[in-house]
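Worksheet: one structure, shown below.
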Amino acid sequence: MAATTASTALTMKLLVESSPLRRRVVFAEAGKDTVDFLFSLLATPAGTAAVKLLGKESFVGCTANLYGSAKKLDDAYVHPNAANKDAILCATVPYSPAATAPNSCLLYRLVEPPALPPDPILKRIFNWGRSYWNSSCRRYVTEVSGTRCASCGTSMTSDTNNVGSPAPVPPKKGFVQGRTVTYTVTDDLVITPMSSLSSIALLNACAVRDLGSLQERTVQIGYKEGLEILKASQQSKTVLTDVFLSGK
């Protein structure tokens with residue numbers, strides 16, 4: 001896998017617990033593009049197929065948690081262009097705006113997207129420009145000024161407003177809904193739609209006693225971090241802590 005010099009970074013907001021006893025990521029807040037990337041890890045050889053063949057209990061890391069999160073995700077949060085959950089559970093993840101090529105893992109596409117093609121140059125179109133002698137004149141235009149109208153013989157020298165077709169807007173893709181939806185990502189990569197109640201429940205589940213020890217930290221996920229998350233997801237139950245806090 002070739003290294004890249006430029007990356008399209010995704011972002012994630014970490015809630016970090018820093019206390020004399022430990023320093024860890026309690027959970028993270030992530031948007032659509034980041035969650036699409038995390039789910040895209042299921043498209044790797046050690047992703048969905050391995051979970052289905054070997055079972056969740058066979059995994060040391062968090063790949064099974066990603067698979068379980070996708071399976072449990074309510075259909076209301078699945079992007080309509082993903083068709084259904086099979087788009088991820090069968091390892092055919094559509095690409096998100098952060099990626100550029102369909103049907104491959106987003107990790108390999110955390111690179112600078114290709115430049116958009118330039119707008120097409122509209123040709124100049126000429127007609128007679130005055131009131132027509134007869135209704136058939138309006139049917140004739142030319143790209144060469146001075147060409148005579150095939151109906152009345154008058155030179156066509158008047159510029160027309162050549163309106164080009166609007167460029168098609170590519171549809172938003174990916175696996176999950178975006179826009180107003182934010183997602184919670186735990187240290188062991190359990191992904192759920194975010195809410196105030198779910199955040200409080202996570203704080204309790206993680207046995208956070210001192211709220212004053214919590215700090216917010218925004219991090220970027222580029223190609224390097226993407227590789228680290230992929231590696232940690234197969235080896236560790238504390239992926240976010242290992243990638244973003246270890247040795248930092």
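A note on labels: chains of the structure tokens are A, B, ... as shown, every chain counts residues from 1, and ligands are counted from 1 in their shown order.
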
Exercise. Any idea what's packed within 12 Å of A:Pro193, counting only C-alpha atoms, ignoring anything in its chain fewer than 3 positions away? Could you give it as a PyMOL selection string?
Worked result: chain A and resi 28-32+35+69-70+72-78+176-178+180-186+190+196-199

Exercise. Stretch 177-240 of chain A: which residues are strand (DSSP E) by DSSP, as a PyMOL selection string?
Worked result: chain A and resi 183-186+191-193+214-221

Write the residues of the selection above to a file with N, CA and C atoms, as an mmCIF file, in the first residue's frame.
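Output file part-v8.cif is given in full below:
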data_model
loop_
_atom_site.group_PDB
_atom_site.id
_atom_site.type_symbol
_atom_site.label_atom_id
_atom_site.label_comp_id
_atom_site.auth_asym_id
_atom_site.auth_seq_id
_atom_site.Cartn_x
_atom_site.Cartn_y
_atom_site.Cartn_z
ATOM 1 N N TYR A 183 -22.852 10.537 16.015
ATOM 2 C CA TYR A 183 -22.719 9.178 16.524
ATOM 3 C C TYR A 183 -21.713 9.112 17.667
ATOM 4 N N THR A 184 -21.959 8.174 18.568
ATOM 5 C CA THR A 184 -21.042 7.891 19.661
ATOM 6 C C THR A 184 -20.190 6.688 19.281
ATOM 7 N N VAL A 185 -18.879 6.816 19.466
ATOM 8 C CA VAL A 185 -17.952 5.718 19.205
ATOM 9 C C VAL A 185 -17.208 5.425 20.500
ATOM 10 N N THR A 186 -17.334 4.225 21.019
ATOM 11 C CA THR A 186 -16.643 3.876 22.257
ATOM 12 C C THR A 186 -15.198 3.493 21.961
ATOM 13 N N ILE A 191 -20.541 1.553 17.933
ATOM 14 C CA ILE A 191 -21.060 2.782 17.333
ATOM 15 C C ILE A 191 -22.574 2.829 17.479
ATOM 16 N N THR A 192 -23.077 3.935 18.025
ATOM 17 C CA THR A 192 -24.519 4.133 18.193
ATOM 18 C C THR A 192 -24.862 5.595 17.932
ATOM 19 N N PRO A 193 -26.098 5.890 17.528
ATOM 20 C CA PRO A 193 -26.521 7.290 17.418
ATOM 21 C C PRO A 193 -26.405 7.977 18.773
ATOM 22 N N LEU A 214 -12.512 15.044 33.011
ATOM 23 C CA LEU A 214 -12.831 14.852 31.600
ATOM 24 C C LEU A 214 -12.424 16.064 30.765
ATOM 25 N N GLN A 215 -11.851 15.800 29.628
ATOM 26 C CA GLN A 215 -11.434 16.854 28.703
ATOM 27 C C GLN A 215 -11.861 16.484 27.288
ATOM 28 N N GLU A 216 -12.228 17.494 26.505
ATOM 29 C CA GLU A 216 -12.552 17.264 25.099
ATOM 30 C C GLU A 216 -11.316 17.516 24.246
ATOM 31 N N ARG A 217 -11.153 16.689 23.246
ATOM 32 C CA ARG A 217 -10.005 16.837 22.353
ATOM 33 C C ARG A 217 -10.426 16.434 20.943
ATOM 34 N N THR A 218 -10.227 17.324 19.988
ATOM 35 C CA THR A 218 -10.570 17.027 18.598
ATOM 36 C C THR A 218 -9.335 16.513 17.872
ATOM 37 N N VAL A 219 -9.481 15.382 17.199
ATOM 38 C CA VAL A 219 -8.360 14.778 16.474
ATOM 39 C C VAL A 219 -8.745 14.593 15.013
ATOM 40 N N GLN A 220 -7.735 14.465 14.187
ATOM 41 C CA GLN A 220 -7.941 14.212 12.767
ATOM 42 C C GLN A 220 -7.537 12.782 12.435
ATOM 43 N N ILE A 221 -8.242 12.217 11.465
ATOM 44 C CA ILE A 221 -7.920 10.872 10.995
ATOM 45 C C ILE A 221 -7.518 10.982 9.535
#

Problem set entry | Nearest residue to A:Thr44 from the set A:Arg139, A:Lys231, A:Arg148, A:Lys237 (distances using only C-alpha atoms) |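 Smallest distance to A:Thr44 is found for A:Lys231.
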
For this session: Choose the residue, out of A:Asp210, A:Asp159, A:Asp33, A:Glu143, that has the smallest atom-to-atom separation from A:Leu21; count only C-alpha atoms.
Result: A:Asp210

Exercise. Between atom CA of A:Pro20 and atom CA of A:Phe244, what is the distance, to one decimal in Å?
Worked result: 18.5 Å

Problem set entry | Top pick for closest residue to A:Arg23, considering A:Cys62, A:Leu240, A:Leu189, A:Ile200 and counting only C-alpha atoms | A:Leu240

For this session: Can you work out the spacing between atom CA of A:Glu228 and atom CA of A:Met12 in Å, to one decimal?
Result: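 Taking atom CA of A:Glu228 and atom CA of A:Met12, their separation equals 14.8 Å.
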
Problem set entry | Residue nearest A:Leu41 among A:Asn204, A:Ser233, A:Ala150, A:Asp242 (counting only C-alpha atoms) |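 Closest residue, counting only C-alpha atoms: A:Ser233.
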
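Closest approach to A:Leu38 from the set A:Val141, A:Leu203, A:Ile229, A:Val243 is made by A:Ile229, with distances taken over only C-alpha atoms.
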
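The two atoms in question, atom CA of A:Glu17 and atom CA of A:Tyr67, are spaced 26.6 Å apart.
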
Problem set entry | Selected residue of minimal separation from A:Lys173 among A:His79, A:Arg22, A:Leu15, A:Asp188, counting only C-alpha atoms |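 The shortest atom-to-atom distance to A:Lys173 comes from A:His79.
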